[in-house]
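Text of final_28.tsv (TSV, C-alpha atoms) as supplied:
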```tsv
chain	number	residue	atom	x	y	z
A	1	MET	CA	5.97	-17.76	15.90
A	2	ILE	CA	6.82	-15.52	12.93
A	3	ASP	CA	3.99	-15.17	10.42
A	4	ALA	CA	5.06	-12.39	8.03
A	5	PRO	CA	8.15	-12.47	5.80
A	6	PHE	CA	10.96	-10.15	6.84
A	7	THR	CA	13.00	-7.85	4.63
A	8	ILE	CA	15.99	-5.61	5.27
A	9	ASP	CA	13.52	-2.77	5.96
A	10	SER	CA	11.58	-4.70	8.59
A	11	SER	CA	11.82	-3.94	12.29
A	12	LEU	CA	13.17	-6.80	14.35
A	13	ALA	CA	12.38	-5.10	17.66
A	14	ASP	CA	10.63	-7.02	20.44
A	15	LEU	CA	11.55	-10.42	19.00
A	16	GLN	CA	12.90	-13.14	21.23
A	17	THR	CA	16.42	-14.26	20.37
A	18	ASP	CA	15.37	-17.38	18.45
A	19	ASP	CA	12.74	-15.45	16.47
A	20	TRP	CA	15.26	-12.65	15.86
A	21	LEU	CA	17.74	-15.14	14.38
A	22	GLN	CA	15.01	-16.70	12.25
A	23	ALA	CA	14.05	-13.26	10.94
A	24	VAL	CA	17.67	-12.47	10.06
A	25	SER	CA	17.98	-15.76	8.17
A	26	GLU	CA	14.89	-14.80	6.16
A	27	VAL	CA	16.34	-11.41	5.26
A	28	VAL	CA	19.64	-12.81	3.95
A	29	GLU	CA	18.08	-15.80	2.20
A	30	GLY	CA	18.62	-15.73	-1.54
A	31	ASP	CA	21.57	-13.30	-1.78
A	32	GLY	CA	23.65	-14.30	1.22
A	33	PHE	CA	24.10	-16.99	3.83
A	34	PHE	CA	23.32	-17.65	7.49
A	35	GLN	CA	25.40	-19.95	9.71
A	36	THR	CA	25.29	-20.83	13.38
A	37	LEU	CA	28.82	-21.07	14.80
A	38	GLY	CA	28.83	-23.10	17.97
A	39	GLU	CA	26.71	-22.09	20.92
A	40	LYS	CA	27.21	-18.30	21.01
A	41	HIS	CA	28.03	-17.08	17.52
A	42	HIS	CA	26.36	-16.63	14.14
A	43	ALA	CA	27.52	-15.36	10.77
A	44	PHE	CA	25.30	-13.98	8.03
A	45	SER	CA	25.89	-12.01	4.87
A	46	ILE	CA	24.13	-9.95	2.21
A	47	LYS	CA	25.75	-9.50	-1.18
A	48	ARG	CA	25.34	-6.25	-3.09
A	49	ASN	CA	28.18	-4.27	-4.70
A	50	LYS	CA	31.97	-4.67	-4.60
A	51	THR	CA	32.45	-2.99	-1.21
A	52	LEU	CA	32.20	-5.40	1.72
A	53	LEU	CA	31.67	-4.24	5.28
A	54	VAL	CA	32.56	-6.86	7.90
A	55	THR	CA	31.10	-6.03	11.31
A	56	PHE	CA	31.39	-7.77	14.65
A	57	GLU	CA	28.42	-7.10	16.90
A	58	THR	CA	26.53	-8.48	19.87
A	59	ILE	CA	22.85	-9.25	19.50
A	60	ASN	CA	22.06	-7.18	22.60
A	61	GLY	CA	24.09	-4.33	21.18
A	62	MET	CA	22.11	-4.35	17.94
A	63	ARG	CA	18.88	-4.13	19.90
A	64	ALA	CA	20.18	-1.23	21.98
A	65	LEU	CA	21.75	0.83	19.19
A	66	SER	CA	19.27	0.35	16.36
A	67	GLU	CA	15.63	1.42	16.43
A	68	LYS	CA	14.85	-1.59	14.26
A	69	SER	CA	17.11	-3.93	16.28
A	70	GLN	CA	19.16	-4.57	13.15
A	71	PRO	CA	22.89	-4.98	12.57
A	72	LEU	CA	24.64	-1.63	12.10
A	73	GLY	CA	25.88	-2.84	8.72
A	74	TRP	CA	22.38	-3.05	7.27
A	75	GLU	CA	22.20	0.74	7.31
A	76	MET	CA	25.19	0.78	4.96
A	77	VAL	CA	23.50	-1.85	2.76
A	78	ARG	CA	20.37	0.30	2.45
A	79	ASN	CA	22.09	3.66	2.01
A	80	ASN	CA	25.15	2.69	-0.05
A	81	ASP	CA	24.34	-0.72	-1.54
A	82	TRP	CA	27.36	-2.23	0.21
A	83	SER	CA	27.70	-5.92	0.79
A	84	HIS	CA	27.79	-6.98	4.41
A	85	LEU	CA	29.13	-9.80	6.54
A	86	CYS	CA	28.11	-9.77	10.20
A	87	VAL	CA	29.57	-12.00	12.88
A	88	ALA	CA	27.21	-11.81	15.85
A	89	SER	CA	27.72	-13.01	19.41
A	90	GLN	CA	25.37	-13.64	22.28
A	91	GLY	CA	27.13	-11.63	24.95
A	92	ASP	CA	30.70	-10.31	25.04
A	93	THR	CA	32.87	-13.21	23.95
A	94	TRP	CA	35.64	-11.32	22.14
A	95	PHE	CA	34.75	-13.90	19.42
A	96	ARG	CA	37.32	-16.29	20.83
A	97	ASP	CA	35.76	-19.53	19.61
A	98	PRO	CA	37.19	-22.31	17.40
A	99	ALA	CA	33.91	-22.27	15.46
A	100	VAL	CA	34.57	-18.65	14.50
A	101	TYR	CA	38.15	-19.51	13.49
A	102	ALA	CA	36.79	-22.31	11.30
A	103	CYS	CA	34.28	-19.96	9.68
A	104	PHE	CA	37.02	-17.56	8.62
A	105	ASP	CA	39.19	-20.44	7.45
A	106	GLN	CA	36.35	-21.54	5.21
A	107	LEU	CA	35.77	-18.02	3.90
A	108	ILE	CA	39.48	-17.77	3.04
A	109	ASP	CA	39.47	-21.16	1.30
A	110	ASP	CA	36.35	-20.19	-0.68
A	111	GLY	CA	37.94	-16.92	-1.84
A	112	PHE	CA	35.03	-15.04	-0.27
A	113	PHE	CA	36.97	-11.80	0.34
A	114	ASP	CA	38.65	-11.93	-3.09
A	115	ALA	CA	35.30	-11.21	-4.75
A	116	PHE	CA	35.32	-7.62	-3.43
A	117	GLU	CA	37.32	-4.58	-4.44
A	118	THR	CA	37.17	-2.99	-0.97
A	119	VAL	CA	36.90	-4.79	2.36
A	120	LEU	CA	36.34	-2.83	5.56
A	121	PHE	CA	36.41	-4.43	9.03
A	122	TYR	CA	34.60	-2.64	11.85
A	123	GLY	CA	33.85	-3.19	15.54
A	124	ALA	CA	33.78	-1.48	18.94
A	125	GLY	CA	35.09	-2.67	22.31
A	126	PRO	CA	35.31	-6.49	22.37
A	127	ALA	CA	34.03	-6.43	18.78
A	128	GLY	CA	36.77	-3.93	17.96
A	129	TYR	CA	39.30	-6.46	19.18
A	130	ALA	CA	37.69	-9.06	16.87
A	131	ALA	CA	37.59	-6.74	13.85
A	132	ALA	CA	41.31	-6.11	14.19
A	133	ALA	CA	42.14	-9.76	14.89
A	134	TYR	CA	40.17	-11.28	12.02
A	135	SER	CA	41.12	-8.60	9.48
A	136	VAL	CA	44.18	-10.75	8.72
A	137	ALA	CA	41.79	-12.99	6.76
A	138	SER	CA	41.60	-10.31	4.07
A	139	PRO	CA	45.06	-8.83	3.39
A	140	GLY	CA	44.86	-5.23	2.20
A	141	ALA	CA	41.63	-4.51	4.06
A	142	GLN	CA	40.71	-1.25	5.73
A	143	VAL	CA	40.05	-1.47	9.47
A	144	VAL	CA	38.18	0.86	11.83
A	145	VAL	CA	38.03	-0.13	15.49
A	146	ILE	CA	36.62	1.83	18.41
A	147	GLN	CA	38.05	1.37	21.92
A	148	PRO	CA	39.53	-2.05	21.06
A	149	GLN	CA	41.35	-4.28	23.48
A	150	ALA	CA	44.66	-5.55	22.15
A	151	THR	CA	44.40	-8.78	24.15
A	152	LEU	CA	43.12	-9.91	27.54
A	153	ASP	CA	46.04	-12.24	28.12
A	154	PRO	CA	46.96	-11.33	31.74
A	155	ARG	CA	50.64	-11.77	30.95
A	156	VAL	CA	50.34	-8.74	28.67
A	157	THR	CA	47.46	-6.68	30.07
A	158	GLU	CA	47.23	-7.61	33.72
A	159	TRP	CA	46.70	-3.90	34.42
A	160	ASP	CA	43.21	-4.08	32.85
A	161	ASP	CA	40.93	-5.15	35.68
A	162	ARG	CA	37.65	-4.60	33.82
A	163	PHE	CA	37.32	-8.08	32.34
A	164	VAL	CA	38.87	-10.40	34.90
A	165	GLU	CA	36.32	-13.10	34.02
A	166	MET	CA	38.00	-13.43	30.61
A	167	ARG	CA	41.50	-14.08	31.90
A	168	ARG	CA	41.24	-17.83	31.41
A	169	THR	CA	40.14	-17.37	27.80
A	170	ASP	CA	42.79	-18.23	25.23
A	171	PHE	CA	44.15	-15.10	23.55
A	172	THR	CA	47.41	-16.71	22.40
A	173	SER	CA	46.34	-19.11	19.66
A	174	ARG	CA	44.97	-18.30	16.20
A	175	PHE	CA	43.82	-14.72	15.54
A	176	GLY	CA	45.06	-14.00	19.05
A	177	TYR	CA	47.01	-10.75	19.50
A	178	ALA	CA	45.01	-8.12	17.64
A	179	PRO	CA	47.81	-5.58	16.93
A	180	ASP	CA	49.89	-8.24	15.15
A	181	MET	CA	46.91	-9.23	13.02
A	182	LEU	CA	46.79	-5.70	11.59
A	183	ASP	CA	50.15	-6.09	9.85
A	184	ALA	CA	48.37	-7.31	6.71
A	185	ALA	CA	45.86	-4.43	6.65
A	186	ASN	CA	46.19	-1.58	4.21
A	187	GLU	CA	45.20	0.99	6.84
A	188	ALA	CA	43.82	0.69	10.34
A	189	PHE	CA	42.26	3.36	12.53
A	190	VAL	CA	41.95	3.13	16.30
A	191	VAL	CA	39.39	5.48	17.83
A	192	TYR	CA	39.57	6.14	21.57
A	193	ASP	CA	39.33	8.74	24.32
A	194	PRO	CA	42.87	9.41	25.64
A	195	LYS	CA	41.35	10.51	28.97
A	196	VAL	CA	40.06	6.95	29.56
A	197	VAL	CA	43.31	5.50	30.86
A	198	LEU	CA	42.78	1.78	30.20
A	199	ASP	CA	41.46	2.42	26.67
A	200	ALA	CA	44.49	4.62	26.00
A	201	MET	CA	46.84	1.92	27.27
A	202	HIS	CA	45.30	-0.64	24.91
A	203	ALA	CA	45.48	1.88	22.05
A	204	SER	CA	49.20	2.31	22.67
A	205	LEU	CA	49.69	-1.41	21.96
A	206	PHE	CA	48.27	-0.89	18.46
A	207	THR	CA	51.14	1.39	17.44
A	208	ARG	CA	52.12	0.25	13.94
A	209	PRO	CA	53.24	2.05	10.75
A	210	ASN	CA	49.85	1.39	9.13
A	211	VAL	CA	47.78	2.37	12.18
A	212	THR	CA	46.41	5.88	12.76
A	213	LYS	CA	45.15	6.89	16.21
A	214	LEU	CA	41.98	9.00	16.17
A	215	ARG	CA	41.37	10.65	19.52
A	216	MET	CA	38.03	11.74	21.00
A	217	PRO	CA	38.97	13.42	24.32
A	218	HIS	CA	36.32	13.96	26.98
A	219	MET	CA	33.85	11.66	25.22
A	220	GLY	CA	34.04	8.81	27.73
A	221	VAL	CA	33.49	5.09	27.41
A	222	ALA	CA	30.69	4.83	24.82
A	223	LEU	CA	32.24	6.28	21.69
A	224	GLN	CA	30.24	4.15	19.25
A	225	SER	CA	26.99	5.44	20.76
A	226	THR	CA	28.38	8.97	20.63
A	227	LEU	CA	29.26	8.71	16.94
A	228	LEU	CA	25.78	7.38	16.24
A	229	SER	CA	24.17	10.25	18.16
A	230	LEU	CA	26.38	12.70	16.25
A	231	ASP	CA	25.24	11.00	13.03
A	232	GLN	CA	28.90	10.56	12.04
A	233	LEU	CA	29.49	6.79	12.13
A	234	GLU	CA	28.32	6.28	8.55
A	235	SER	CA	30.51	9.16	7.36
A	236	LEU	CA	33.47	7.65	9.22
A	237	LEU	CA	33.01	4.29	7.48
A	238	LEU	CA	32.52	5.92	4.07
A	239	LEU	CA	35.78	7.85	4.42
A	240	ALA	CA	37.62	4.70	5.48
A	241	ALA	CA	36.26	2.67	2.56
A	242	ASP	CA	37.22	5.42	0.10
A	243	GLY	CA	40.74	5.70	1.52
A	244	GLN	CA	40.04	9.28	2.61
A	245	LEU	CA	40.10	8.84	6.37
A	246	ASN	CA	42.96	10.57	8.16
A	247	THR	CA	43.48	12.83	11.16
A	248	LEU	CA	42.35	15.91	9.22
A	249	SER	CA	39.16	14.42	7.76
A	250	PHE	CA	38.33	12.93	11.16
A	251	ALA	CA	38.85	16.30	12.84
A	252	LYS	CA	36.31	17.81	10.46
A	253	LEU	CA	33.80	15.09	11.35
A	254	TYR	CA	34.53	15.49	15.03
A	255	ARG	CA	33.59	19.19	14.91
A	256	ALA	CA	30.01	17.97	15.27
A	257	ARG	CA	30.79	17.64	18.99
A	258	ARG	CA	30.33	21.40	19.29
A	259	ASP	CA	26.58	20.83	19.29
A	260	HIS	CA	26.69	17.65	21.38
A	261	ARG	CA	25.33	18.30	24.87
A	262	SER	CA	27.08	15.39	26.57
A	263	TYR	CA	30.46	16.54	25.28
A	264	LEU	CA	29.84	20.16	26.28
A	265	GLN	CA	28.73	19.11	29.76
A	266	SER	CA	31.76	16.86	30.12
A	267	LEU	CA	34.03	19.72	29.10
A	268	LEU	CA	32.37	21.98	31.64
A	269	VAL	CA	33.00	19.43	34.39
A	270	VAL	CA	36.68	19.17	33.42
A	271	LEU	CA	37.16	22.96	33.41
A	272	ASP	CA	35.31	23.26	36.72
A	273	ALA	CA	37.56	20.64	38.32
A	274	ASP	CA	40.60	22.66	37.15
A	275	ASP	CA	38.98	25.94	38.34
A	276	ARG	CA	39.35	27.54	34.89
A	277	LYS	CA	36.74	30.26	35.42
A	278	LEU	CA	37.49	32.36	32.35
A	279	LEU	CA	37.45	29.35	30.04
A	280	MET	CA	34.23	28.15	31.66
A	281	LEU	CA	32.66	31.55	31.03
A	282	LYS	CA	33.70	31.42	27.37
A	283	LEU	CA	32.24	27.92	27.10
A	284	CYS	CA	28.97	29.03	28.70
A	285	ASN	CA	28.76	32.03	26.36
A	286	PHE	CA	29.36	29.74	23.39
A	287	VAL	CA	26.74	27.19	24.43
A	288	THR	CA	24.00	29.62	25.46
A	289	ALA	CA	24.36	31.47	22.16
A	290	ARG	CA	23.75	28.24	20.21
A	291	MET	CA	21.09	26.31	22.12
A	292	PRO	CA	18.72	26.35	25.09
A	293	ALA	CA	20.90	25.23	28.00
A	294	PRO	CA	19.59	26.09	31.47
A	295	ARG	CA	22.56	24.47	33.19
A	296	PHE	CA	25.00	26.66	31.26
A	297	VAL	CA	22.85	29.76	31.85
A	298	ARG	CA	22.96	29.18	35.60
A	299	LYS	CA	26.69	28.48	35.51
A	300	ARG	CA	27.29	31.62	33.47
A	301	ARG	CA	25.49	33.80	36.04
A	302	LEU	CA	27.44	32.22	38.87
A	303	LEU	CA	30.76	32.71	37.06
A	304	ILE	CA	30.05	36.36	36.32
A	305	SER	CA	29.24	36.93	39.97
A	306	GLU	CA	32.38	35.12	41.15
A	307	LEU	CA	34.63	36.97	38.71
A	308	GLN	CA	33.19	40.34	39.75
A	309	MET	CA	33.82	39.51	43.40
A	310	LEU	CA	37.42	38.56	42.58
A	311	GLU	CA	37.94	41.85	40.74
A	312	GLU	CA	36.51	43.85	43.65
A	313	HIS	CA	38.65	41.93	46.11
A	314	ASP	CA	41.80	42.57	44.09
A	315	ALA	CA	40.96	46.27	43.78
A	316	GLU	CA	40.61	46.61	47.56
A	317	GLN	CA	43.98	45.01	48.33
A	318	PRO	CA	46.56	47.58	49.58
A	319	VAL	CA	49.79	47.83	47.70
A	320	ALA	CA	52.68	46.37	49.69
A	321	GLU	CA	55.41	48.86	50.59
A	322	GLU	CA	58.06	46.98	48.67
A	323	ASP	CA	55.80	46.99	45.61
A	324	ALA	CA	55.07	50.72	45.76
A	325	PRO	CA	57.75	51.82	43.24
A	326	GLU	CA	56.57	49.27	40.70
A	327	ALA	CA	52.93	50.24	41.25
A	328	GLU	CA	53.79	53.94	40.90
A	329	GLN	CA	55.68	53.32	37.68
A	330	ALA	CA	52.82	51.19	36.30
A	331	ALA	CA	50.38	54.03	37.05
A	332	LYS	CA	52.62	56.52	35.20
A	333	ASP	CA	52.91	54.17	32.22
A	334	THR	CA	49.16	53.80	32.06
A	335	ALA	CA	48.65	57.58	32.27
A	336	ASN	CA	51.16	58.16	29.46
A	337	LYS	CA	49.46	55.60	27.23
A	338	THR	CA	46.02	57.15	27.70
A	339	ALA	CA	47.09	60.79	27.48
A	340	PRO	CA	45.91	62.60	24.30
```
Transcribe the structure of this file into structure tokens.
Amino acid sequence: MIDAPFTIDSSLADLQTDDWLQAVSEVVEGDGFFQTLGEKHHAFSIKRNKTLLVTFETINGMRALSEKSQPLGWEMVRNNDWSHLCVASQGDTWFRDPAVYACFDQLIDDGFFDAFETVLFYGAGPAGYAAAAYSVASPGAQVVVIQPQATLDPRVTEWDDRFVEMRRTDFTSRFGYAPDMLDAANEAFVVYDPKVVLDAMHASLFTRPNVTKLRMPHMGVALQSTLLSLDQLESLLLLAADGQLNTLSFAKLYRARRDHRSYLQSLLVVLDADDRKLLMLKLCNFVTARMPAPRFVRKRRLLISELQMLEEHDAEQPVAEEDAPEAEQAAKDTANKTAP
């Protein structure tokens, strides 16, 4: 049972799902609403200023990504006084539920989105699909989606074998094909790692005149977690809401990766696989000069040793007879250049 009243500053950690939902309903009571949508979905809102952030999140995801087990949007409410609408799911459902369709129909009929000057839809993965798909409910909205799927209709994306359990789910009816639903958006931004092949293939389906691709190479399959650890997700959403997000402003944000250990280690692995010893040495020099990094220190020592051995080996190689004239001429040229 819950004894104390909850506020937007309260921690919701360690609560069972039913108690967590009850706590959320307490927080939004008075200046928002809370609705249960069928068996697996819930919608709740907090009204503040004229900027509305619409997030799609899983309850488990909130617990994993937030120290307080709160929706990501509540951070924007606290820090920027934004209004917030969260559509939450229990598990990955891609929000394909007639109850969710009906909720957005009702919000449209009530003119809910018309009350705000700026509307920003956000989600990652399955929630990124939903943020793109349901953004059509608010024409002119800004949209930021991370690693979204375009659809899981096997007639379109049979090459994606990660979510085979969803292939019988209807992705062809209302709010179905996410890229088409972005046609009404003012701007949309798709964030993905081009080295993750299936994510890149989905991103290619979002190619539209009003869609900008924002690439995070060598960052892997958990880009939302990475942006949170870089402390850049809030900045990303602020830029999008202000109409200032573009490839240049994103590149400036993404420079924070230079101090991100996981990225630097991933880059080292890629260079090692390609046997780029000189580039690896430069990377190790860069990292060890900026932070304690035993792995890079060890790799740097090994690379220096290997490169010295290669130089000694090359110096010991005899000059082939057919190459003698060229070698002799090169020696003369070197002598002439160094002569006083």
Self-check item: Atomic separation - atom CA of Gly125 of chain A relative to atom CA of Tyr192 of chain A, Å
Solution: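 The value is 9.9 Å.
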Exercise. Name the closest residue to Asp18 of chain A among the candidates A:Val164, A:Pro5, A:Ser249, A:His42; distances are taken between atoms, counting all atoms listed in the file.
Key: A:His42
Exercise. Considering only C-alpha atoms, state which residue in the set A:Trp74, A:Phe6, A:Phe250, A:Phe175 is at the smallest distance from Thr212 of chain A.
Key: A:Phe250
Exercise. Would you be able to write out as number ranges by chain which residues have an atom within 9 Å of (37.4, -13.0, 19.0) in the file's coordinates, counting all atoms listed in the file?
Key: A: 93-97, 100-101, 126-127, 129-131, 133-134, 171, 175-176
Quiz item: Excluding same-chain residues fewer than 2 positions from segment 53-61 of chain A, what lies within 7 Å of it counting all atoms listed in the file, as a list in words?
Solution: Thr51, Arg63, Ala64, Leu65, Gly73, Trp82, Ser83, His84, Leu85, Cys86, Val87, Ala88, Ser89, Gln90, Gly91, Asp92, Val119, Leu120, Phe121, Tyr122, Gly123, Ala127, Ala130 and Ala131 of chain A
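Computed from the coordinates, the atom CA of Thr288 of chain A to atom CA of Tyr254 of chain A distance equals 20.5 Å.
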Self-check item: Pick from A:Glu75, A:Gly32, A:Leu302, A:Glu312, whichever lies nearest to Phe112 of chain A using all atoms listed in the file
Solution: A:Gly32
For segment 301-314 of chain A, what centre and edge lengths in Å (one decimal) does the axis-aligned box get once 3 Å is added on each side of all its listed atoms, as JSON?
```
{"center_x": 33.6, "center_y": 38.0, "center_z": 41.1, "size_x": 22.3, "size_y": 17.6, "size_z": 16.1}
```
Practice problem: Have a look at A:Leu227, A:Val24, A:Leu214, A:Met219 and name the one nearest to Val196 of chain A; count only C-alpha atoms. | Solution: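 Ranked by minimum distance to Val196 of chain A, first place goes to A:Met219.
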Quiz item: Near segment 185-188 of chain A, within 8 Å and counting all atoms listed in the file, which residues show up once chain neighbours fewer than 2 positions away are dropped, as a ChimeraX atom specification?
Solution: /A:135-136,138-145,182-183,190,210-212
Exercise. Using all atoms listed in the file, determine which residues lie at most 9 Å from segment 291-297 of chain A, disregarding the query and same-chain residues fewer than 6 positions distant; provide the list as a VMD selection string.
Key: chain A and resid 259 261 265 268 283 to 285
Quiz item: So how far away is atom CA of Lys213 of chain A from atom CA of Thr118 of chain A, in Å?
Solution: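 Going from atom CA of Thr118 of chain A over to atom CA of Lys213 of chain A covers 21.4 Å.
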Quiz prompt | Pick from A:Met201, A:Asp161, A:Pro148, A:Ile108 nearest to Tyr177 of chain A, counting only C-alpha atoms | solution =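 Ranked by minimum distance to Tyr177 of chain A, first place goes to A:Pro148.
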Exercise. Using all atoms listed in the file, find the one residue out of A:Ser266, A:Thr169, A:Ala102, A:His218 that sits nearest to Leu37 of chain A.
Key: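 Checking each of A:Ser266, A:Thr169, A:Ala102, A:His218 against Leu37 of chain A, counting all atoms listed in the file, the winner is A:Ala102.
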Exercise. Please provide the set of residues having any atom within 10 Å of Thr172 of chain A, restricted to all atoms listed in the file, with same-chain residues fewer than 5 positions apart removed, written as a ChimeraX atom specification.
Key: /A:151-153,177
Put those residues in a file: C-alpha atoms, as a PDB file, in the coordinates of the input.
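Generated file (selection.pdb):
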```
ATOM      1  CA  THR A 151      44.400  -8.780  24.150  1.00  0.00           C
ATOM      2  CA  LEU A 152      43.120  -9.910  27.540  1.00  0.00           C
ATOM      3  CA  ASP A 153      46.040 -12.240  28.120  1.00  0.00           C
ATOM      4  CA  TYR A 177      47.010 -10.750  19.500  1.00  0.00           C
TER       5      TYR A 177
END
```
Quiz prompt | For Gln22 of chain A: contacts at 12 Å, only C-alpha atoms, fewer than 4 positions along chain excluded, given as number ranges by chain | solution = A: 1-7, 12, 15-18, 26-29, 34-36, 42, 44
